file entry23.txt (compact mmCIF, C-alpha atoms)
# COMPACT_ATOMS: atom_id res chain seq x y z
CA LEU A 1 67.54 229.30 126.15
CA GLU A 2 68.45 231.39 129.19
CA LEU A 3 69.82 228.32 130.96
CA GLN A 4 71.89 227.45 127.88
CA ALA A 5 73.27 230.98 127.66
CA ASN A 6 74.17 231.05 131.36
CA THR A 7 75.71 227.58 131.60
CA ASP A 8 78.97 226.10 130.36
CA SER A 9 77.83 223.13 128.29
CA LEU A 10 80.76 220.87 129.24
CA THR A 11 80.86 221.33 133.02
CA GLY A 12 77.40 222.62 133.90
CA LEU A 13 78.98 225.56 135.75
CA ASP A 14 78.15 229.20 135.13
CA SER A 15 79.37 230.48 131.77
CA ARG A 16 81.98 233.22 131.76
CA ALA A 17 79.45 235.89 130.76
CA HIS A 18 76.92 234.84 133.40
CA PHE A 19 79.56 234.59 136.12
CA LEU A 20 80.89 238.08 135.31
CA ASP A 21 77.36 239.49 135.28
CA VAL A 22 76.57 238.04 138.71
CA ALA A 23 80.01 239.00 140.07
CA GLY A 24 79.44 242.58 138.92
CA LYS A 25 76.17 242.64 140.86
CA GLU A 26 77.98 241.28 143.93
CA LEU A 27 80.57 244.05 143.64
CA ALA A 28 77.78 246.63 143.54
CA ARG A 29 76.26 245.03 146.64
CA LEU A 30 79.68 245.07 148.33
CA ARG A 31 79.83 248.85 147.90
CA ARG A 32 76.55 249.18 149.81
CA HIS A 33 77.13 246.42 152.38
CA PRO A 34 80.83 245.64 152.93
CA THR A 35 81.34 241.88 153.25
CA PRO A 36 84.70 240.10 153.01
CA MET A 37 84.83 238.21 149.70
CA ALA A 38 87.55 236.61 147.58
CA LEU A 39 87.80 236.07 143.85
CA VAL A 40 89.58 232.87 142.83
CA MET A 41 91.27 231.91 139.56
CA LEU A 42 92.07 228.22 139.15
CA ASP A 43 93.95 226.54 136.31
CA LEU A 44 94.80 222.89 135.69
CA ASP A 45 98.54 222.32 135.48
CA HIS A 46 99.92 220.99 132.18
CA PHE A 47 96.43 220.39 130.78
CA LYS A 48 97.71 220.39 127.18
CA ARG A 49 99.67 217.22 128.02
CA ILE A 50 96.44 215.50 129.04
CA ASN A 51 94.80 216.31 125.71
CA ASP A 52 97.96 215.47 123.75
CA ASN A 53 98.67 212.17 125.55
CA HIS A 54 95.16 210.90 126.28
CA GLY A 55 92.87 212.70 123.83
CA HIS A 56 90.31 215.45 124.16
CA ALA A 57 87.60 213.12 125.47
CA ALA A 58 89.82 212.27 128.45
CA GLY A 59 90.57 215.99 128.90
CA ASP A 60 86.84 216.76 128.90
CA THR A 61 86.29 214.09 131.54
CA VAL A 62 88.99 215.65 133.73
CA LEU A 63 87.38 219.09 133.34
CA ARG A 64 83.98 217.71 134.38
CA GLN A 65 85.51 215.92 137.40
CA VAL A 66 87.43 219.03 138.50
CA ALA A 67 84.26 221.10 138.14
CA LEU A 68 82.40 218.63 140.36
CA ALA A 69 85.25 218.68 142.89
CA CYS A 70 85.07 222.50 142.92
CA GLN A 71 81.33 222.37 143.55
CA ASN A 72 81.86 219.92 146.40
CA ALA A 73 84.66 221.99 147.95
CA LEU A 74 82.79 225.29 147.88
CA ARG A 75 79.64 226.30 149.67
CA GLN A 76 76.30 226.34 147.89
CA PHE A 77 76.16 230.16 147.90
CA ASP A 78 79.67 230.64 146.45
CA LEU A 79 79.72 231.39 142.72
CA LEU A 80 81.62 229.10 140.39
CA GLY A 81 82.19 229.31 136.66
CA ARG A 82 84.38 228.13 133.82
CA ILE A 83 85.95 230.98 131.96
CA GLY A 84 87.49 228.92 129.19
CA GLY A 85 89.77 226.02 128.47
CA GLU A 86 91.04 224.61 131.74
CA GLU A 87 90.48 227.80 133.75
CA PHE A 88 87.82 228.24 136.40
CA ILE A 89 86.73 231.24 138.47
CA ALA A 90 84.97 231.45 141.82
CA LEU A 91 83.63 234.09 144.15
CA LEU A 92 83.78 233.07 147.80
CA GLN A 93 81.37 235.01 149.97
CA PRO A 94 81.62 235.79 152.80
CA THR A 95 85.17 234.76 153.58
CA ASP A 96 88.39 236.12 154.96
CA PRO A 97 91.79 235.40 153.37
CA ALA A 98 92.75 232.74 155.94
CA SER A 99 89.50 230.80 155.44
CA ALA A 100 89.79 231.11 151.66
CA GLN A 101 93.39 229.86 151.81
CA ALA A 102 92.38 226.85 153.95
CA THR A 103 89.43 225.94 151.68
CA LEU A 104 91.48 226.28 148.51
CA ASP A 105 94.46 224.35 149.93
CA ARG A 106 92.11 221.49 150.92
CA PHE A 107 90.58 221.51 147.42
CA ARG A 108 94.05 221.54 145.80
CA ARG A 109 95.14 218.54 147.89
CA ASP A 110 91.92 216.68 147.04
CA ILE A 111 92.60 217.15 143.32
CA GLU A 112 96.24 216.11 143.73
CA GLU A 113 95.21 212.90 145.52
CA THR A 114 92.47 211.95 143.04
CA VAL A 115 93.28 209.35 140.43
CA PHE A 116 91.55 210.40 137.22
CA SER A 117 90.40 207.62 134.90
CA ARG A 118 92.84 207.04 131.99
CA VAL A 119 94.90 210.07 133.07
CA GLY A 120 96.20 209.43 136.57
CA HIS A 121 97.03 212.35 138.82
CA VAL A 122 96.32 215.98 137.98
CA THR A 123 97.28 219.14 139.84
CA VAL A 124 95.89 222.67 139.92
CA SER A 125 97.35 226.09 140.57
CA VAL A 126 95.19 228.67 142.32
CA GLY A 127 95.42 232.42 142.82
CA PHE A 128 93.00 234.59 144.73
CA SER A 129 92.48 238.15 145.89
CA ARG A 130 90.09 239.81 148.28
CA LEU A 131 87.48 242.14 146.83
CA LEU A 132 87.72 245.82 147.64
CA PRO A 133 84.69 248.14 147.73
CA ASN A 134 85.83 250.23 144.74
CA ASP A 135 86.92 247.27 142.58
CA THR A 136 85.71 246.70 139.09
CA PRO A 137 85.56 243.06 137.98
CA THR A 138 88.72 243.73 135.94
CA ASP A 139 90.62 244.99 139.03
CA VAL A 140 90.03 241.91 141.17
CA ILE A 141 90.41 239.45 138.29
CA ASP A 142 93.77 241.03 137.41
CA ARG A 143 94.99 240.62 141.00
CA ALA A 144 93.79 237.02 141.27
CA ASP A 145 95.37 236.31 137.88
CA GLU A 146 98.71 237.72 139.08
CA ALA A 147 98.57 235.38 142.08
CA LEU A 148 97.70 232.48 139.75
CA TYR A 149 100.63 233.27 137.44
CA TYR A 150 102.90 233.47 140.47
CA ALA A 151 101.73 229.99 141.52
CA LYS A 152 102.31 228.69 137.97
CA HIS A 153 105.83 230.13 137.79
CA ASN A 154 106.84 229.05 141.28
CA GLY A 155 106.25 225.32 141.28
CA ARG A 156 102.58 224.85 140.32
CA ASN A 157 100.19 222.78 142.46
CA ARG A 158 99.86 225.58 144.99
CA VAL A 159 97.53 228.31 146.22
CA ASP A 160 98.69 231.92 146.41
CA CYS A 161 96.93 235.00 147.77
CA TYR A 162 97.69 238.27 145.99
CA GLU A 163 97.67 240.34 149.18
CA SER A 164 100.04 237.91 150.93
CA LEU A 165 102.41 238.02 147.94
CA ILE A 166 102.41 241.83 148.06
CA GLU A 167 102.95 241.84 151.83
CA SER A 168 105.89 239.41 151.56
CA GLY A 169 107.49 241.39 148.71
CA ALA A 170 107.15 238.49 146.24
CA LEU A 171 105.03 240.75 143.98
CA LYS A 172 104.81 244.51 143.56
CA ALA A 173 101.37 246.07 143.76
CA LYS A 174 100.06 247.33 140.45
CA GLU A 175 98.83 250.87 140.21
CA ILE A 176 95.11 250.88 139.47
CA VAL A 177 94.29 253.25 136.65
CA LYS A 178 90.77 254.57 137.09
CA GLY A 179 88.76 255.51 134.05
CA GLU A 180 89.75 252.47 131.98
CA VAL A 181 87.05 251.12 129.72
CA GLU A 182 85.22 248.19 131.33
CA LEU A 183 84.53 245.45 128.78
CA PHE A 184 81.98 243.47 130.79
call {"tool": "encode", "arguments": {"input": "entry23.txt", "output": "structure tokens"}}
result
Amino acid sequence: LELQANTDSLTGLDSRAHFLDVAGKELARLRRHPTPMALVMLDLDHFKRINDNHGHAAGDTVLRQVALACQNALRQFDLLGRIGGEEFIALLQPTDPASAQATLDRFRRDIEETVFSRVGHVTVSVGFSRLLPNDTPTDVIDRADEALYYAKHNGRNRVDCYESLIESGALKAKEIVKGEVELF
């Protein structure tokens, strides 16, 4: 029962709840022992078209194949989960932004070059942010999500780092409001 509760039944990855629980523990550890980490949000581009044009069974197959490709691209000790629909989340540890960018770009190219049965080519958009010692899970997920949305709105099939987008002026940093209610 515990395995069922902690695992996404379609992909075999961590469930959203389990991923967030483990990520919260990693953030607590980060406060005690600073280690460079990155949180990654990944979304399949135009996934609705796959389901609409090829059926949900084909869409499920693509999700399973992308999950496997994620597992193969990341290290065994990185965390990986499916947070719903065609969206995945990962915690890369330890890593610096340049290494995370290189790993995620390689993964993105691998997906782009793969021919998926019955569907053809698929692309992914990726956003990531480094973890800060005082982050809550919501803080870092929000930043990675902003980078993901930037990637989606600026051509798709790309990897964007939140901190690089802030540094370049492409995004404005959000003010972090402390004292917000944490929902997980």
call {"tool": "residues_around", "arguments": {"input": "entry23.txt", "residues": "Asp160 (chain A)", "least_positions_apart": "5", "cutoff": "12 Å", "atoms": "only C-alpha atoms", "output": "number ranges by chain"}}
result
A: 39-42, 97-98, 100-102, 104-105, 108, 124-130, 143-155, 165-166, 168, 170-171
call {"tool": "residues_around", "arguments": {"input": "entry23.txt", "residues": "Arg106 (chain A)", "least_positions_apart": "4", "cutoff": "12 Å", "atoms": "all atoms listed in the file", "output": "PDB file with C-alpha atoms, keeping the file's coordinate frame"}}
result
ATOM      1  CA  ALA A  69      85.250 218.680 142.890  1.00  0.00           C
ATOM      2  CA  CYS A  70      85.070 222.500 142.920  1.00  0.00           C
ATOM      3  CA  ASN A  72      81.860 219.920 146.400  1.00  0.00           C
ATOM      4  CA  ALA A  73      84.660 221.990 147.950  1.00  0.00           C
ATOM      5  CA  LEU A  74      82.790 225.290 147.880  1.00  0.00           C
ATOM      6  CA  SER A  99      89.500 230.800 155.440  1.00  0.00           C
ATOM      7  CA  ALA A 100      89.790 231.110 151.660  1.00  0.00           C
ATOM      8  CA  GLN A 101      93.390 229.860 151.810  1.00  0.00           C
ATOM      9  CA  ALA A 102      92.380 226.850 153.950  1.00  0.00           C
ATOM     10  CA  ASP A 110      91.920 216.680 147.040  1.00  0.00           C
ATOM     11  CA  ILE A 111      92.600 217.150 143.320  1.00  0.00           C
ATOM     12  CA  GLU A 112      96.240 216.110 143.730  1.00  0.00           C
ATOM     13  CA  GLU A 113      95.210 212.900 145.520  1.00  0.00           C
ATOM     14  CA  VAL A 124      95.890 222.670 139.920  1.00  0.00           C
ATOM     15  CA  VAL A 126      95.190 228.670 142.320  1.00  0.00           C
ATOM     16  CA  ASN A 157     100.190 222.780 142.460  1.00  0.00           C
ATOM     17  CA  ARG A 158      99.860 225.580 144.990  1.00  0.00           C
ATOM     18  CA  VAL A 159      97.530 228.310 146.220  1.00  0.00           C
TER      19      VAL A 159
END
call {"tool": "closest_residue", "arguments": {"input": "entry23.txt", "among": "A:Pro137, A:Gly120, A:Gly169, A:Gly84", "to": "Val62 (chain A)", "atoms": "all atoms listed in the file"}}
result
A:Gly120
call {"tool": "atom_distance", "arguments": {"input": "entry23.txt", "atom1": "CA of Ala38 (chain A)", "atom2": "CA of Phe116 (chain A)"}}
result
28.5 Å
call {"tool": "closest_residue", "arguments": {"input": "entry23.txt", "among": "A:Thr123, A:Thr11, A:Asn6, A:Thr95", "to": "Leu68 (chain A)", "atoms": "all atoms listed in the file"}}
result
A:Thr11
call {"tool": "closest_residue", "arguments": {"input": "entry23.txt", "among": "A:Asp96, A:Asp78, A:Asp14, A:Glu2", "to": "Pro36 (chain A)", "atoms": "only C-alpha atoms"}}
result
A:Asp96
call {"tool": "closest_residue", "arguments": {"input": "entry23.txt", "among": "A:Ser9, A:Gln93, A:Asn53, A:Ser117", "to": "Pro34 (chain A)", "atoms": "all atoms listed in the file"}}
result
A:Gln93
call {"tool": "atom_distance", "arguments": {"input": "entry23.txt", "atom1": "CA of Lys172 (chain A)", "atom2": "CA of His33 (chain A)"}}
result
29.1 Å
call {"tool": "residues_around", "arguments": {"input": "entry23.txt", "residues": "Gly81 (chain A)", "least_positions_apart": "3", "cutoff": "7 Å", "atoms": "all atoms listed in the file", "output": "ChimeraX atom specification"}}
result
/A:13-16,19,88-90
call {"tool": "atom_distance", "arguments": {"input": "entry23.txt", "atom1": "CA of His56 (chain A)", "atom2": "CA of Gly12 (chain A)"}}
result
17.7 Å
call {"tool": "residues_near_point", "arguments": {"input": "entry23.txt", "point": "(100.9, 222.7, 135.1)", "cutoff": "6 Å", "atoms": "all atoms listed in the file", "output": "list in words"}}
result
Asp45, His46 and Arg156 of chain A
